[in-house]
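The file my_file19.pdb comes next; it holds PDB, C-alpha atoms.
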ATOM      1  CA  GLY F   1     -27.910-183.030-100.874
ATOM      2  CA  LEU F   2     -28.893-180.998 -97.820
ATOM      3  CA  PRO F   3     -29.256-177.204 -98.189
ATOM      4  CA  THR F   4     -26.217-175.354 -96.875
ATOM      5  CA  ALA F   5     -28.352-173.255 -94.566
ATOM      6  CA  SER F   6     -29.426-176.342 -92.629
ATOM      7  CA  VAL F   7     -25.874-177.434 -91.780
ATOM      8  CA  PRO F   8     -25.460-174.889 -88.934
ATOM      9  CA  ALA F   9     -28.765-176.072 -87.523
ATOM     10  CA  ILE F  10     -27.509-179.672 -87.474
ATOM     11  CA  VAL F  11     -24.267-178.634 -85.806
ATOM     12  CA  LEU F  12     -26.126-176.504 -83.277
ATOM     13  CA  GLY F  13     -28.442-179.409 -82.531
ATOM     14  CA  ALA F  14     -25.504-181.749 -81.962
ATOM     15  CA  VAL F  15     -23.766-179.273 -79.656
ATOM     16  CA  THR F  16     -26.976-178.613 -77.732
ATOM     17  CA  TYR F  17     -27.495-182.351 -77.304
ATOM     18  CA  ALA F  18     -23.963-182.738 -75.967
ATOM     19  CA  VAL F  19     -24.300-179.841 -73.531
ATOM     20  CA  VAL F  20     -27.712-180.868 -72.215
ATOM     21  CA  GLY F  21     -26.648-184.515 -71.874
ATOM     22  CA  ASN F  22     -23.572-183.650 -69.860
ATOM     23  CA  VAL F  23     -25.360-181.100 -67.670
ATOM     24  CA  LEU F  24     -27.900-183.753 -66.748
ATOM     25  CA  MET F  25     -25.129-186.263 -66.156
ATOM     26  CA  LEU F  26     -23.213-183.888 -63.887
ATOM     27  CA  GLY F  27     -26.370-183.019 -62.003
ATOM     28  CA  SER F  28     -26.841-186.641 -61.060
ATOM     29  CA  LEU F  29     -23.341-187.097 -59.633
ATOM     30  CA  LYS F  30     -22.565-186.954 -55.940
ATOM     31  CA  ALA F  31     -20.466-184.008 -54.865
ATOM     32  CA  HIS F  32     -17.431-186.110 -54.002
ATOM     33  CA  GLN F  33     -17.394-187.605 -57.496
ATOM     34  CA  LEU F  34     -17.186-184.316 -59.377
ATOM     35  CA  THR F  35     -13.487-183.829 -58.838
ATOM     36  CA  THR F  36     -12.682-187.239 -60.311
ATOM     37  CA  SER F  37     -15.091-187.277 -63.274
ATOM     38  CA  TRP F  38     -13.838-184.448 -65.520
ATOM     39  CA  SER F  39     -11.858-186.789 -67.761
ATOM     40  CA  ASP F  40     -14.953-188.970 -68.150
ATOM     41  CA  THR F  41     -16.997-185.875 -68.946
ATOM     42  CA  LEU F  42     -14.529-184.782 -71.626
ATOM     43  CA  LEU F  43     -14.609-188.270 -73.117
ATOM     44  CA  GLU F  44     -18.408-188.111 -73.202
ATOM     45  CA  PHE F  45     -18.258-184.714 -74.913
ATOM     46  CA  ALA F  46     -15.868-186.141 -77.503
ATOM     47  CA  SER F  47     -18.207-189.075 -78.205
ATOM     48  CA  LEU F  48     -21.260-186.853 -78.625
ATOM     49  CA  SER F  49     -19.388-184.286 -80.701
ATOM     50  CA  LEU F  50     -18.082-186.982 -83.003
ATOM     51  CA  GLY F  51     -21.630-188.245 -83.342
ATOM     52  CA  GLY F  52     -22.802-184.776 -84.364
ATOM     53  CA  ILE F  53     -19.989-184.403 -86.894
ATOM     54  CA  THR F  54     -20.794-187.813 -88.351
ATOM     55  CA  ALA F  55     -24.463-186.827 -88.678
ATOM     56  CA  VAL F  56     -23.476-183.734 -90.657
ATOM     57  CA  MET F  57     -21.194-185.787 -92.901
ATOM     58  CA  VAL F  58     -23.920-188.336 -93.598
ATOM     59  CA  ALA F  59     -26.366-185.557 -94.507
ATOM     60  CA  THR F  60     -23.971-183.559 -96.693
ATOM     61  CA  ARG F  61     -21.102-185.749 -97.906
ATOM     62  CA  PRO F  62     -21.961-189.437 -97.376
ATOM     63  CA  PHE F  63     -18.766-190.630 -99.076
ATOM     64  CA  LEU F  64     -16.711-188.982 -96.278
ATOM     65  CA  ILE F  65     -18.227-191.306 -93.684
ATOM     66  CA  VAL F  66     -15.271-193.672 -94.239
ATOM     67  CA  MET F  67     -13.021-191.036 -92.636
ATOM     68  CA  ALA F  68     -15.089-191.169 -89.431
ATOM     69  CA  ILE F  69     -14.716-194.923 -88.931
ATOM     70  CA  LEU F  70     -11.186-194.837 -87.483
ATOM     71  CA  PRO F  71     -11.902-192.118 -84.847
ATOM     72  CA  VAL F  72     -15.056-193.976 -83.788
ATOM     73  CA  VAL F  73     -13.159-197.264 -83.366
ATOM     74  CA  VAL F  74     -10.298-195.580 -81.458
ATOM     75  CA  LEU F  75     -12.703-193.734 -79.150
ATOM     76  CA  HIS F  76     -14.614-196.931 -78.464
ATOM     77  CA  ARG F  77     -11.389-198.740 -77.524
ATOM     78  CA  LEU F  78     -10.417-195.867 -75.215
ATOM     79  CA  VAL F  79     -13.746-196.151 -73.426
ATOM     80  CA  LEU F  80     -13.324-199.913 -73.006
ATOM     81  CA  MET F  81      -9.750-199.517 -71.751
ATOM     82  CA  ARG F  82     -10.890-196.903 -69.233
ATOM     83  CA  GLN F  83     -13.622-199.201 -67.937
ATOM     84  CA  LEU F  84     -11.208-202.153 -67.601
ATOM     85  CA  GLU F  85      -8.690-199.924 -65.831
ATOM     86  CA  GLU F  86     -11.288-198.752 -63.325
ATOM     87  CA  ARG F  87     -12.394-202.323 -62.629
ATOM     88  CA  ALA F  88      -8.790-203.329 -61.958
ATOM     89  CA  THR F  89      -8.112-200.515 -59.484
ATOM     90  CA  THR F  90     -11.502-200.096 -57.758
ATOM     91  CA  ASP F  91     -13.204-202.299 -55.201
ATOM     92  CA  HIS F  92     -16.625-203.198 -56.603
ATOM     93  CA  LYS F  93     -18.470-203.087 -53.268
ATOM     94  CA  THR F  94     -17.251-199.753 -51.927
ATOM     95  CA  GLY F  95     -15.804-197.861 -54.879
ATOM     96  CA  LEU F  96     -12.540-197.458 -52.969
ATOM     97  CA  LEU F  97      -9.098-198.381 -54.270
ATOM     98  CA  THR F  98      -8.164-202.041 -54.269
ATOM     99  CA  ASP F  99      -5.449-203.211 -51.916
ATOM    100  CA  ALA F 100      -2.943-203.522 -54.788
ATOM    101  CA  GLU F 101      -3.668-200.053 -56.189
ATOM    102  CA  TRP F 102      -3.469-198.454 -52.748
ATOM    103  CA  ARG F 103      -0.108-200.119 -52.089
ATOM    104  CA  ASP F 104       1.223-198.814 -55.416
ATOM    105  CA  ARG F 105       0.242-195.274 -54.473
ATOM    106  CA  ALA F 106       1.651-195.688 -50.987
ATOM    107  CA  ALA F 107       4.973-196.870 -52.412
ATOM    108  CA  SER F 108       5.092-193.799 -54.668
ATOM    109  CA  GLU F 109       4.335-191.523 -51.726
ATOM    110  CA  LEU F 110       7.073-193.159 -49.648
ATOM    111  CA  ARG F 111       9.614-192.501 -52.415
ATOM    112  CA  ARG F 112       8.430-188.897 -52.693
ATOM    113  CA  ALA F 113       8.644-188.334 -48.931
ATOM    114  CA  ARG F 114      12.164-189.762 -48.777
ATOM    115  CA  ARG F 115      13.307-187.648 -51.711
ATOM    116  CA  ARG F 116      11.854-184.411 -50.352
ATOM    117  CA  ASP F 117      12.336-185.138 -46.659
ATOM    118  CA  ASP F 118       8.574-184.809 -46.182
ATOM    119  CA  VAL F 119       5.994-186.468 -43.936
ATOM    120  CA  PHE F 120       2.833-188.511 -44.447
ATOM    121  CA  SER F 121       0.526-190.692 -42.390
ATOM    122  CA  VAL F 122      -1.376-193.950 -42.686
ATOM    123  CA  LEU F 123      -4.765-194.576 -41.085
ATOM    124  CA  MET F 124      -6.000-198.116 -40.516
ATOM    125  CA  ILE F 125      -9.786-198.163 -40.000
ATOM    126  CA  ASP F 126     -11.930-201.077 -38.881
ATOM    127  CA  LEU F 127     -15.735-201.142 -38.744
ATOM    128  CA  ASP F 128     -16.589-202.316 -35.226
ATOM    129  CA  HIS F 129     -18.830-205.355 -34.651
ATOM    130  CA  PHE F 130     -19.208-206.069 -38.375
ATOM    131  CA  ARG F 131     -20.144-209.712 -37.790
ATOM    132  CA  ARG F 132     -22.961-208.550 -35.542
ATOM    133  CA  ILE F 133     -24.207-206.235 -38.311
ATOM    134  CA  ASN F 134     -24.163-209.095 -40.832
ATOM    135  CA  SER F 135     -25.972-211.388 -38.406
ATOM    136  CA  LYS F 136     -28.709-208.867 -37.660
ATOM    137  CA  TYR F 137     -29.235-207.264 -41.082
ATOM    138  CA  GLY F 138     -27.868-209.887 -43.468
ATOM    139  CA  HIS F 139     -25.008-209.581 -45.915
ATOM    140  CA  MET F 140     -26.825-207.004 -48.033
ATOM    141  CA  GLY F 141     -27.257-204.833 -44.957
ATOM    142  CA  GLY F 142     -23.594-205.361 -44.108
ATOM    143  CA  ASP F 143     -22.572-204.305 -47.611
ATOM    144  CA  ALA F 144     -24.728-201.186 -47.301
ATOM    145  CA  ALA F 145     -22.968-200.345 -44.045
ATOM    146  CA  LEU F 146     -19.555-200.847 -45.675
ATOM    147  CA  ARG F 147     -20.476-198.508 -48.543
ATOM    148  CA  ALA F 148     -21.754-195.882 -46.123
ATOM    149  CA  VAL F 149     -18.550-196.011 -44.086
ATOM    150  CA  ALA F 150     -16.468-195.829 -47.280
ATOM    151  CA  ASP F 151     -18.391-192.712 -48.363
ATOM    152  CA  ALA F 152     -17.956-191.187 -44.896
ATOM    153  CA  VAL F 153     -14.186-191.720 -45.008
ATOM    154  CA  ARG F 154     -13.919-190.213 -48.487
ATOM    155  CA  GLY F 155     -15.986-187.262 -47.373
ATOM    156  CA  GLU F 156     -13.497-186.352 -44.630
ATOM    157  CA  VAL F 157     -10.263-186.519 -46.633
ATOM    158  CA  ARG F 158      -8.773-184.462 -49.440
ATOM    159  CA  THR F 159      -9.209-185.303 -53.121
ATOM    160  CA  TYR F 160      -5.556-186.330 -53.415
ATOM    161  CA  ASP F 161      -5.578-188.594 -50.356
ATOM    162  CA  SER F 162      -5.836-192.301 -51.170
ATOM    163  CA  VAL F 163      -8.556-194.416 -49.552
ATOM    164  CA  GLY F 164      -8.519-198.181 -50.057
ATOM    165  CA  ARG F 165     -10.348-201.252 -48.899
ATOM    166  CA  PHE F 166      -7.808-203.391 -47.103
ATOM    167  CA  GLY F 167     -10.034-206.430 -46.870
ATOM    168  CA  GLY F 168     -13.296-207.359 -45.171
ATOM    169  CA  GLU F 169     -14.416-204.467 -42.993
ATOM    170  CA  GLU F 170     -10.995-202.812 -42.881
ATOM    171  CA  PHE F 171     -10.006-199.635 -44.732
ATOM    172  CA  VAL F 172      -6.722-197.788 -45.136
ATOM    173  CA  VAL F 173      -6.014-194.125 -45.837
ATOM    174  CA  LEU F 174      -2.849-192.453 -47.119
ATOM    175  CA  LEU F 175      -2.468-188.797 -46.104
ATOM    176  CA  PRO F 176       0.435-187.171 -48.021
ATOM    177  CA  GLY F 177       2.155-184.284 -46.241
ATOM    178  CA  SER F 178       0.215-184.886 -43.020
ATOM    179  CA  PRO F 179       2.080-185.126 -39.694
ATOM    180  CA  GLN F 180       0.690-187.148 -36.812
ATOM    181  CA  LEU F 181      -1.229-184.316 -35.135
ATOM    182  CA  HIS F 182      -3.114-183.401 -38.318
ATOM    183  CA  SER F 183      -3.782-187.061 -39.125
ATOM    184  CA  MET F 184      -5.211-187.634 -35.642
ATOM    185  CA  ALA F 185      -7.648-184.783 -36.260
ATOM    186  CA  VAL F 186      -8.674-186.299 -39.613
ATOM    187  CA  ALA F 187      -9.173-189.687 -37.960
ATOM    188  CA  GLU F 188     -11.309-188.126 -35.252
ATOM    189  CA  ARG F 189     -13.511-186.437 -37.868
ATOM    190  CA  ILE F 190     -13.965-189.782 -39.601
ATOM    191  CA  ARG F 191     -14.849-191.476 -36.319
ATOM    192  CA  GLU F 192     -17.461-188.811 -35.502
ATOM    193  CA  ARG F 193     -18.997-188.903 -38.974
ATOM    194  CA  VAL F 194     -19.375-192.685 -38.940
ATOM    195  CA  ALA F 195     -21.070-192.494 -35.533
ATOM    196  CA  GLU F 196     -23.713-190.222 -37.083
ATOM    197  CA  LEU F 197     -24.515-192.522 -40.010
ATOM    198  CA  VAL F 198     -28.041-193.761 -40.603
ATOM    199  CA  VAL F 199     -28.022-196.560 -43.188
ATOM    200  CA  THR F 200     -31.047-198.169 -44.819
ATOM    201  CA  SER F 201     -30.767-201.855 -45.692
ATOM    202  CA  PRO F 202     -31.684-202.474 -49.363
ATOM    203  CA  VAL F 203     -33.470-205.732 -48.533
ATOM    204  CA  ASP F 204     -36.130-204.862 -45.967
ATOM    205  CA  ALA F 205     -35.520-201.105 -45.496
ATOM    206  CA  ALA F 206     -34.287-201.773 -41.959
ATOM    207  CA  VAL F 207     -32.506-198.770 -40.460
ATOM    208  CA  ILE F 208     -28.948-199.402 -39.326
ATOM    209  CA  THR F 209     -27.553-197.036 -36.700
ATOM    210  CA  GLY F 210     -24.944-197.145 -33.960
ATOM    211  CA  LEU F 211     -22.046-197.776 -36.333
ATOM    212  CA  SER F 212     -18.544-197.041 -35.098
ATOM    213  CA  VAL F 213     -14.957-197.438 -36.216
ATOM    214  CA  SER F 214     -11.654-197.989 -34.472
ATOM    215  CA  ILE F 215      -8.712-196.183 -36.084
ATOM    216  CA  GLY F 216      -4.960-196.627 -35.822
ATOM    217  CA  VAL F 217      -2.588-193.862 -36.960
ATOM    218  CA  ALA F 218       1.059-194.220 -37.970
ATOM    219  CA  ALA F 219       3.114-191.250 -39.216
ATOM    220  CA  TYR F 220       6.258-191.279 -41.331
ATOM    221  CA  PRO F 221       9.038-191.170 -40.256
ATOM    222  CA  GLU F 222       8.286-191.333 -36.511
ATOM    223  CA  ALA F 223       6.510-194.691 -36.598
ATOM    224  CA  GLY F 224       8.699-196.203 -39.302
ATOM    225  CA  THR F 225      10.525-195.552 -42.553
ATOM    226  CA  ALA F 226       9.328-198.625 -44.497
ATOM    227  CA  MET F 227       5.750-199.035 -45.702
ATOM    228  CA  GLU F 228       5.245-202.494 -44.205
ATOM    229  CA  ARG F 229       6.464-201.243 -40.845
ATOM    230  CA  LEU F 230       4.085-198.269 -41.014
ATOM    231  CA  LEU F 231       1.186-200.560 -41.869
ATOM    232  CA  ASN F 232       2.086-202.881 -39.019
ATOM    233  CA  ARG F 233       2.303-199.947 -36.601
ATOM    234  CA  ALA F 234      -1.049-198.553 -37.780
ATOM    235  CA  ASP F 235      -2.564-202.027 -37.406
ATOM    236  CA  ARG F 236      -1.128-202.363 -33.903
ATOM    237  CA  ALA F 237      -2.572-198.978 -32.957
ATOM    238  CA  LEU F 238      -5.914-200.116 -34.375
ATOM    239  CA  TYR F 239      -5.974-203.154 -32.109
ATOM    240  CA  ARG F 240      -5.050-201.000 -29.149
ATOM    241  CA  ALA F 241      -8.067-198.829 -30.009
ATOM    242  CA  LYS F 242     -10.249-201.936 -30.005
ATOM    243  CA  GLY F 243      -8.733-203.010 -26.710
ATOM    244  CA  PHE F 244      -9.643-199.656 -25.175
ATOM    245  CA  GLY F 245     -13.318-200.299 -25.972
ATOM    246  CA  ARG F 246     -13.585-199.561 -29.729
ATOM    247  CA  ASN F 247     -14.843-196.326 -31.295
ATOM    248  CA  GLN F 248     -11.394-194.839 -30.559
ATOM    249  CA  VAL F 249      -8.458-193.208 -32.361
ATOM    250  CA  VAL F 250      -4.978-194.303 -31.273
ATOM    251  CA  ALA F 251      -1.590-193.263 -32.671
ATOM    252  CA  GLU F 252       1.490-195.487 -32.762
ATOM    253  CA  VAL F 253       4.903-193.845 -32.407
ATOM    254  CA  GLY F 254       8.484-195.014 -31.961
TER     255      GLY F 254
END
Final structure tokens representation of the file:
Amino acid sequence: GLPTASVPAIVLGAVTYAVVGNVLMLGSLKAHQLTTSWSDTLLEFASLSLGGITAVMVATRPFLIVMAILPVVVLHRLVLMRQLEERATTDHKTGLLTDAEWRDRAASELRRARRRDDVFSVLMIDLDHFRRINSKYGHMGGDAALRAVADAVRGEVRTYDSVGRFGGEEFVVLLPGSPQLHSMAVAERIRERVAELVVTSPVDAAVITGLSVSIGVAAYPEAGTAMERLLNRADRALYRAKGFGRNQVVAEVG
């Protein structure tokens, strides 16, 4: 068997490996991802720690390795379930919530607001002249522009706000506890940030600038007390923004 004195060294090596691996992993994440990745980080720590424990068992008590099989299988299934769950709720092009997942969260927020007599707002965002972008830079360039806009929207909202892809070049944002005035300010920040974007096409490194968005705002309960009505009002405000010349924020009330 392995000398007892070497066991702490094995454990220390396993722990060091786990710490270094996760520090490097965290260092590579974008800032806006940190707040949503702690559960993944803990799962990674658990995997690496279990690997270190298994290494010690193999070196000192090989017959105990049978006891490690069940935790390894369970952990593996948890990882797979997490990956499948993320695929089901996340749009693969932008990393935003899918339409179905966003609607589920919106329905929960509506119930909460009714119960607590609270407010919230919905933003409907459309990337202006998207067909023109696709025609000039190709679909890969258009996808790059969509991802950049999605990142810009996420960067201007809170971690507990819900941002989804509503379809095509349209996005939707749920702002819990936000009245119309505050939501208009958020929408304006998003509009300004998108206007500053400089996107590089992944195909030919062409630089895409001059992006803009039109945004419609609908606040609960002023613009409606049912989610479909709020979405329709936000969508109507969006088209008014486009009618005013695009690159505008318009609120719908009453």
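Note that atom CA of F:Val122 and atom CA of F:Ile215 are 10.1 Å apart.
Of the residues listed (F:Met124, F:Asp161, F:Ala106, F:Gly245), F:Met124 shows the shortest atom-to-atom separation from F:Arg233; distances use all atoms listed in the file.
The nearest approach to F:Pro202 among the residues F:Asp143, F:Arg131, F:Phe120, F:Arg115, with all atoms listed in the file taken into account, belongs to F:Asp143.
Candidate residues F:Ala187, F:Val199, F:Leu127, F:Leu181 were compared for distance to F:Gly155, and the nearest is F:Ala187, using all atoms listed in the file.
Of the listed residues F:Lys136, F:His182, F:Arg154, F:Arg103, the one whose atoms come nearest to F:Thr209 is F:Lys136, with distances taken using all atoms listed in the file.
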Can you tell me how far atom CA of F:Thr94 sits from atom CA of F:Arg165, in Å to one decimal? 7.7 Å
Using only C-alpha atoms, find the one residue out of F:Phe171, F:Tyr137, F:Tyr239, F:Trp102 that sits nearest to F:Val207. F:Tyr137
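If you look at atom CA of F:Asn134 and atom CA of F:Val194, they are 17.2 Å away from each other.
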Counting all atoms listed in the file, what is within 8 Å of F:Ala251, bar same-chain residues fewer than 6 positions away, as a list in words? Gln180, Met184, Gly216, Val217, Ala218, Ala234 and Ala237 of chain F
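Residues matched by the PyMOL selection byres ((chain F and resi 220) around 10) in this file: F:Leu110, F:Ala113, F:Arg114, F:Asp118, F:Val119, F:Phe120, F:Ser121, F:Val122, F:Pro176, F:Gly177, F:Ser178, F:Pro179, F:Gln180, F:Ala218, F:Ala219, F:Pro221, F:Glu222, F:Ala223, F:Gly224, F:Thr225, F:Ala226, F:Met227, F:Arg229, F:Leu230, F:Val253.
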Starting from the PyMOL selection byres ((chain F and resi 147-151) around 10), expand the selection into actual residues of this file and give them as a ChimeraX atom specification. /F:32,93-96,125-127,141-146,152-156,163-165,169-171,190-191,193-195,197-200,211-213
Top pick for closest residue to F:Asn247, considering F:Arg132, F:His92, F:His139, F:Arg189 and counting all atoms listed in the file: F:Arg189
Would you pull stretch 109-120 of chain F out of the block just shown and save N, CA, C and O atoms as a PDB file, in the first residue's frame?
ATOM      1  N   GLU F 109     -44.220  36.504 -12.573  1.00  0.00           N
ATOM      2  CA  GLU F 109     -44.101  37.890 -12.114  1.00  0.00           C
ATOM      3  C   GLU F 109     -45.470  38.564 -12.063  1.00  0.00           C
ATOM      4  O   GLU F 109     -45.753  39.348 -11.136  1.00  0.00           O
ATOM      5  N   LEU F 110     -46.330  38.259 -13.022  1.00  0.00           N
ATOM      6  CA  LEU F 110     -47.678  38.830 -13.018  1.00  0.00           C
ATOM      7  C   LEU F 110     -48.442  38.377 -11.772  1.00  0.00           C
ATOM      8  O   LEU F 110     -49.111  39.190 -11.111  1.00  0.00           O
ATOM      9  N   ARG F 111     -48.337  37.109 -11.428  1.00  0.00           N
ATOM     10  CA  ARG F 111     -49.007  36.602 -10.223  1.00  0.00           C
ATOM     11  C   ARG F 111     -48.463  37.281  -8.972  1.00  0.00           C
ATOM     12  O   ARG F 111     -49.217  37.643  -8.061  1.00  0.00           O
ATOM     13  N   ARG F 112     -47.136  37.465  -8.936  1.00  0.00           N
ATOM     14  CA  ARG F 112     -46.510  38.114  -7.784  1.00  0.00           C
ATOM     15  C   ARG F 112     -46.978  39.557  -7.653  1.00  0.00           C
ATOM     16  O   ARG F 112     -47.299  40.029  -6.556  1.00  0.00           O
ATOM     17  N   ALA F 113     -47.010  40.275  -8.787  1.00  0.00           N
ATOM     18  CA  ALA F 113     -47.415  41.681  -8.767  1.00  0.00           C
ATOM     19  C   ALA F 113     -48.870  41.834  -8.328  1.00  0.00           C
ATOM     20  O   ALA F 113     -49.210  42.761  -7.582  1.00  0.00           O
ATOM     21  N   ARG F 114     -49.732  40.938  -8.778  1.00  0.00           N
ATOM     22  CA  ARG F 114     -51.133  40.996  -8.371  1.00  0.00           C
ATOM     23  C   ARG F 114     -51.273  40.724  -6.871  1.00  0.00           C
ATOM     24  O   ARG F 114     -52.044  41.392  -6.173  1.00  0.00           O
ATOM     25  N   ARG F 115     -50.526  39.754  -6.393  1.00  0.00           N
ATOM     26  CA  ARG F 115     -50.620  39.368  -4.984  1.00  0.00           C
ATOM     27  C   ARG F 115     -50.118  40.469  -4.064  1.00  0.00           C
ATOM     28  O   ARG F 115     -50.681  40.707  -2.996  1.00  0.00           O
ATOM     29  N   ARG F 116     -49.064  41.147  -4.480  1.00  0.00           N
ATOM     30  CA  ARG F 116     -48.428  42.156  -3.624  1.00  0.00           C
ATOM     31  C   ARG F 116     -48.781  43.582  -4.021  1.00  0.00           C
ATOM     32  O   ARG F 116     -48.216  44.536  -3.484  1.00  0.00           O
ATOM     33  N   ASP F 117     -49.667  43.716  -4.998  1.00  0.00           N
ATOM     34  CA  ASP F 117     -50.047  45.041  -5.482  1.00  0.00           C
ATOM     35  C   ASP F 117     -48.806  45.830  -5.899  1.00  0.00           C
ATOM     36  O   ASP F 117     -48.615  46.985  -5.528  1.00  0.00           O
ATOM     37  N   ASP F 118     -47.962  45.198  -6.691  1.00  0.00           N
ATOM     38  CA  ASP F 118     -46.687  45.772  -7.118  1.00  0.00           C
ATOM     39  C   ASP F 118     -46.753  46.141  -8.598  1.00  0.00           C
ATOM     40  O   ASP F 118     -47.778  45.944  -9.263  1.00  0.00           O
ATOM     41  N   VAL F 119     -45.652  46.663  -9.106  1.00  0.00           N
ATOM     42  CA  VAL F 119     -45.576  47.069 -10.514  1.00  0.00           C
ATOM     43  C   VAL F 119     -44.442  46.304 -11.209  1.00  0.00           C
ATOM     44  O   VAL F 119     -43.554  45.767 -10.564  1.00  0.00           O
ATOM     45  N   PHE F 120     -44.511  46.275 -12.529  1.00  0.00           N
ATOM     46  CA  PHE F 120     -43.412  45.782 -13.358  1.00  0.00           C
ATOM     47  C   PHE F 120     -43.618  46.316 -14.762  1.00  0.00           C
ATOM     48  O   PHE F 120     -44.670  46.858 -15.091  1.00  0.00           O
TER      49      PHE F 120
END
